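Here is the structure we will look at.
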Amino acid sequence: MSEEVRVWIDQSLCTGDGLCTQYAPEVFEFGDDGLAYVKDTPDGELLMSEGSQTDVAEGLRLDVIDAAGVCPGNCIHVVRRDDGVEVAGPDAD
């Protein structure tokens, strides 16, 4: 995928299954509450504010899109950086 994307998680739908952390541990991590969150950088801190988005590095885009596709909670949203259109997740066309 050549387009720059951002990702966020709707924690109200997160089931805590952890598939996202298996597909892209550089982007997703569990918080103390057992829910998945995005990180600001691969070694960075969790972005725990509701709706927090992070940029996805070029080499991780397909992993993040795959994670959105297998997420049992259907709570991962991958949007194009330039216009915010969802390319993977529950609101993608």
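Numbering starts fresh at 1 for the residues of each chain in the structure tokens, the chains themselves are lettered A, B, ... in the order given, and ligands are numbered from 1 as they appear.
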
- 12 Å contact set for Glu3 in chain A, only C-alpha atoms, chain neighbours under 3 positions out, as a count of residues only: 19

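You can rank A:Val38, A:Gln53, A:Ala24, A:Ala67 by their closest distance to Val5 in chain A using only C-alpha atoms, and at the top of that list sits A:Gln53.
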
- Write out as an NGL selection string which residues come within 9 Å of Gly31 in chain A when counting only C-alpha atoms, dropping same-chain ones fewer than 4 positions away. :A and (35-37 or 46 or 48)

Enumerate the residues of chain A with a DSSP assignment of strand (DSSP E or B), computed from the backbone, and present them as a JSON list (two decimals) with N, CA, C and O atoms, in the first residue's frame.
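states.json written:
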```json
[["chain", "number", "residue", "atom", "x", "y", "z"],
["A", 5, "VAL", "N", -1.24, 6.24, 5.92],
["A", 5, "VAL", "CA", -2.44, 5.99, 6.71],
["A", 5, "VAL", "C", -2.18, 6.25, 8.20],
["A", 5, "VAL", "O", -1.04, 6.29, 8.65],
["A", 6, "ARG", "N", -3.29, 6.43, 8.89],
["A", 6, "ARG", "CA", -3.29, 6.56, 10.34],
["A", 6, "ARG", "C", -4.23, 5.48, 10.87],
["A", 6, "ARG", "O", -5.08, 4.98, 10.14],
["A", 7, "VAL", "N", -4.09, 5.12, 12.15],
["A", 7, "VAL", "CA", -4.93, 4.09, 12.73],
["A", 7, "VAL", "C", -5.38, 4.51, 14.12],
["A", 7, "VAL", "O", -4.68, 5.24, 14.82],
["A", 8, "TRP", "N", -6.58, 4.07, 14.48],
["A", 8, "TRP", "CA", -7.08, 4.26, 15.83],
["A", 8, "TRP", "C", -7.98, 3.09, 16.19],
["A", 8, "TRP", "O", -8.42, 2.34, 15.33],
["A", 9, "ILE", "N", -8.21, 2.94, 17.49],
["A", 9, "ILE", "CA", -9.03, 1.84, 18.00],
["A", 9, "ILE", "C", -10.20, 2.41, 18.80],
["A", 9, "ILE", "O", -10.02, 3.30, 19.63],
["A", 28, "PHE", "N", 0.31, -1.69, 18.04],
["A", 28, "PHE", "CA", -0.73, -1.99, 19.02],
["A", 28, "PHE", "C", -0.13, -2.58, 20.29],
["A", 28, "PHE", "O", 0.81, -3.37, 20.24],
["A", 29, "GLU", "N", -0.74, -2.23, 21.42],
["A", 29, "GLU", "CA", -0.31, -2.77, 22.71],
["A", 29, "GLU", "C", -1.49, -2.71, 23.67],
["A", 29, "GLU", "O", -2.36, -1.84, 23.55],
["A", 30, "PHE", "N", -1.49, -3.62, 24.65],
["A", 30, "PHE", "CA", -2.55, -3.61, 25.67],
["A", 30, "PHE", "C", -2.25, -2.60, 26.76],
["A", 30, "PHE", "O", -1.11, -2.46, 27.20],
["A", 36, "ALA", "N", -6.82, -2.90, 23.82],
["A", 36, "ALA", "CA", -5.74, -2.53, 22.91],
["A", 36, "ALA", "C", -5.77, -1.03, 22.64],
["A", 36, "ALA", "O", -6.83, -0.42, 22.57],
["A", 37, "TYR", "N", -4.57, -0.47, 22.47],
["A", 37, "TYR", "CA", -4.38, 0.93, 22.13],
["A", 37, "TYR", "C", -3.30, 1.03, 21.07],
["A", 37, "TYR", "O", -2.51, 0.11, 20.88],
["A", 38, "VAL", "N", -3.25, 2.18, 20.40],
["A", 38, "VAL", "CA", -2.16, 2.45, 19.47],
["A", 38, "VAL", "C", -1.03, 3.15, 20.22],
["A", 38, "VAL", "O", -1.26, 3.78, 21.25],
["A", 39, "LYS", "N", 0.19, 3.02, 19.66],
["A", 39, "LYS", "CA", 1.36, 3.66, 20.24],
["A", 39, "LYS", "C", 1.80, 4.80, 19.33],
["A", 39, "LYS", "O", 1.63, 4.73, 18.11],
["A", 46, "LEU", "N", 1.61, 4.45, 24.99],
["A", 46, "LEU", "CA", 0.25, 4.23, 24.50],
["A", 46, "LEU", "C", -0.50, 5.54, 24.43],
["A", 46, "LEU", "O", -0.38, 6.39, 25.32],
["A", 47, "LEU", "N", -1.30, 5.69, 23.38],
["A", 47, "LEU", "CA", -2.16, 6.85, 23.24],
["A", 47, "LEU", "C", -3.52, 6.44, 23.77],
["A", 47, "LEU", "O", -4.29, 5.77, 23.10],
["A", 54, "THR", "N", -2.56, 7.39, 15.30],
["A", 54, "THR", "CA", -1.12, 7.43, 15.08],
["A", 54, "THR", "C", -0.83, 7.11, 13.63],
["A", 54, "THR", "O", -1.60, 6.40, 12.97],
["A", 55, "ASP", "N", 0.26, 7.68, 13.13],
["A", 55, "ASP", "CA", 0.70, 7.37, 11.77],
["A", 55, "ASP", "C", 1.23, 5.95, 11.72],
["A", 55, "ASP", "O", 1.82, 5.47, 12.69],
["A", 56, "VAL", "N", 1.04, 5.30, 10.58],
["A", 56, "VAL", "CA", 1.53, 3.94, 10.39],
["A", 56, "VAL", "C", 2.71, 3.99, 9.42],
["A", 56, "VAL", "O", 2.58, 4.51, 8.30],
["A", 76, "ILE", "N", -10.84, -1.63, 14.87],
["A", 76, "ILE", "CA", -9.65, -0.96, 14.36],
["A", 76, "ILE", "C", -10.03, -0.19, 13.10],
["A", 76, "ILE", "O", -10.60, -0.75, 12.16],
["A", 77, "HIS", "N", -9.71, 1.10, 13.10],
["A", 77, "HIS", "CA", -10.02, 1.98, 11.98],
["A", 77, "HIS", "C", -8.72, 2.45, 11.33],
["A", 77, "HIS", "O", -7.89, 3.06, 12.01],
["A", 78, "VAL", "N", -8.55, 2.17, 10.06],
["A", 78, "VAL", "CA", -7.37, 2.60, 9.30],
["A", 78, "VAL", "C", -7.87, 3.63, 8.28],
["A", 78, "VAL", "O", -8.72, 3.31, 7.45],
["A", 79, "VAL", "N", -7.35, 4.84, 8.38],
["A", 79, "VAL", "CA", -7.81, 5.93, 7.52],
["A", 79, "VAL", "C", -6.64, 6.51, 6.72],
["A", 79, "VAL", "O", -5.50, 6.52, 7.18],
["A", 80, "ARG", "N", -6.96, 6.98, 5.51],
["A", 80, "ARG", "CA", -5.94, 7.67, 4.73],
["A", 80, "ARG", "C", -5.57, 8.97, 5.43],
["A", 80, "ARG", "O", -6.44, 9.69, 5.93],
["A", 86, "GLU", "N", -11.78, 6.04, 5.51],
["A", 86, "GLU", "CA", -11.43, 4.75, 6.08],
["A", 86, "GLU", "C", -11.18, 3.73, 4.97],
["A", 86, "GLU", "O", -12.02, 3.52, 4.10],
["A", 87, "VAL", "N", -9.98, 3.10, 5.03],
["A", 87, "VAL", "CA", -9.61, 2.10, 4.03],
["A", 87, "VAL", "C", -9.67, 0.67, 4.57],
["A", 87, "VAL", "O", -9.68, -0.29, 3.80],
["A", 88, "ALA", "N", -9.73, 0.53, 5.87],
["A", 88, "ALA", "CA", -9.88, -0.78, 6.51],
["A", 88, "ALA", "C", -10.55, -0.56, 7.85],
["A", 88, "ALA", "O", -10.30, 0.43, 8.53]]
```

- Task: Any chance you could list, as a ChimeraX atom specification, the residues in chain A that come up alpha helix (DSSP H) when DSSP is run on the backbone?
- Result: /A:19-23,61-70

Write to file, as an mmCIF file, in the first residue's frame, the residues of the selection just made, with N, CA and C atoms.
```cif
data_model
loop_
_atom_site.group_PDB
_atom_site.id
_atom_site.type_symbol
_atom_site.label_atom_id
_atom_site.label_comp_id
_atom_site.auth_asym_id
_atom_site.auth_seq_id
_atom_site.Cartn_x
_atom_site.Cartn_y
_atom_site.Cartn_z
ATOM 1 N N LEU A 19 -5.304 -10.108 18.764
ATOM 2 C CA LEU A 19 -4.805 -10.395 17.415
ATOM 3 C C LEU A 19 -4.040 -9.208 16.846
ATOM 4 N N CYS A 20 -4.479 -8.003 17.149
ATOM 5 C CA CYS A 20 -3.786 -6.825 16.624
ATOM 6 C C CYS A 20 -2.349 -6.755 17.128
ATOM 7 N N THR A 21 -2.138 -7.124 18.389
ATOM 8 C CA THR A 21 -0.781 -7.076 18.940
ATOM 9 C C THR A 21 0.101 -8.157 18.331
ATOM 10 N N GLN A 22 -0.507 -9.215 17.823
ATOM 11 C CA GLN A 22 0.255 -10.260 17.138
ATOM 12 C C GLN A 22 0.622 -9.824 15.721
ATOM 13 N N TYR A 23 -0.296 -9.154 15.041
ATOM 14 C CA TYR A 23 -0.052 -8.717 13.668
ATOM 15 C C TYR A 23 0.908 -7.536 13.604
ATOM 16 N N ARG A 61 2.053 -0.957 7.151
ATOM 17 C CA ARG A 61 0.690 -0.668 6.683
ATOM 18 C C ARG A 61 -0.120 -1.926 6.412
ATOM 19 N N LEU A 62 0.453 -2.879 5.696
ATOM 20 C CA LEU A 62 -0.304 -4.103 5.392
ATOM 21 C C LEU A 62 -0.595 -4.911 6.645
ATOM 22 N N ASP A 63 0.335 -4.934 7.609
ATOM 23 C CA ASP A 63 0.094 -5.635 8.874
ATOM 24 C C ASP A 63 -1.062 -4.998 9.634
ATOM 25 N N VAL A 64 -1.109 -3.679 9.645
ATOM 26 C CA VAL A 64 -2.182 -2.970 10.347
ATOM 27 C C VAL A 64 -3.522 -3.201 9.646
ATOM 28 N N ILE A 65 -3.525 -3.181 8.324
ATOM 29 C CA ILE A 65 -4.758 -3.456 7.571
ATOM 30 C C ILE A 65 -5.215 -4.889 7.808
ATOM 31 N N ASP A 66 -4.281 -5.828 7.826
ATOM 32 C CA ASP A 66 -4.635 -7.223 8.129
ATOM 33 C C ASP A 66 -5.203 -7.347 9.538
ATOM 34 N N ALA A 67 -4.613 -6.644 10.499
ATOM 35 C CA ALA A 67 -5.116 -6.676 11.880
ATOM 36 C C ALA A 67 -6.552 -6.172 11.936
ATOM 37 N N ALA A 68 -6.832 -5.105 11.186
ATOM 38 C CA ALA A 68 -8.210 -4.578 11.154
ATOM 39 C C ALA A 68 -9.162 -5.615 10.576
ATOM 40 N N GLY A 69 -8.689 -6.384 9.596
ATOM 41 C CA GLY A 69 -9.539 -7.380 8.952
ATOM 42 C C GLY A 69 -9.871 -8.573 9.816
ATOM 43 N N VAL A 70 -8.989 -8.927 10.742
ATOM 44 C CA VAL A 70 -9.231 -10.111 11.573
ATOM 45 C C VAL A 70 -9.729 -9.769 12.970
#
```

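Closest approach to Gly34 in chain A among A:Asp10, A:Pro90, A:Gly18, A:Cys71: A:Gly18, based on only C-alpha atoms.
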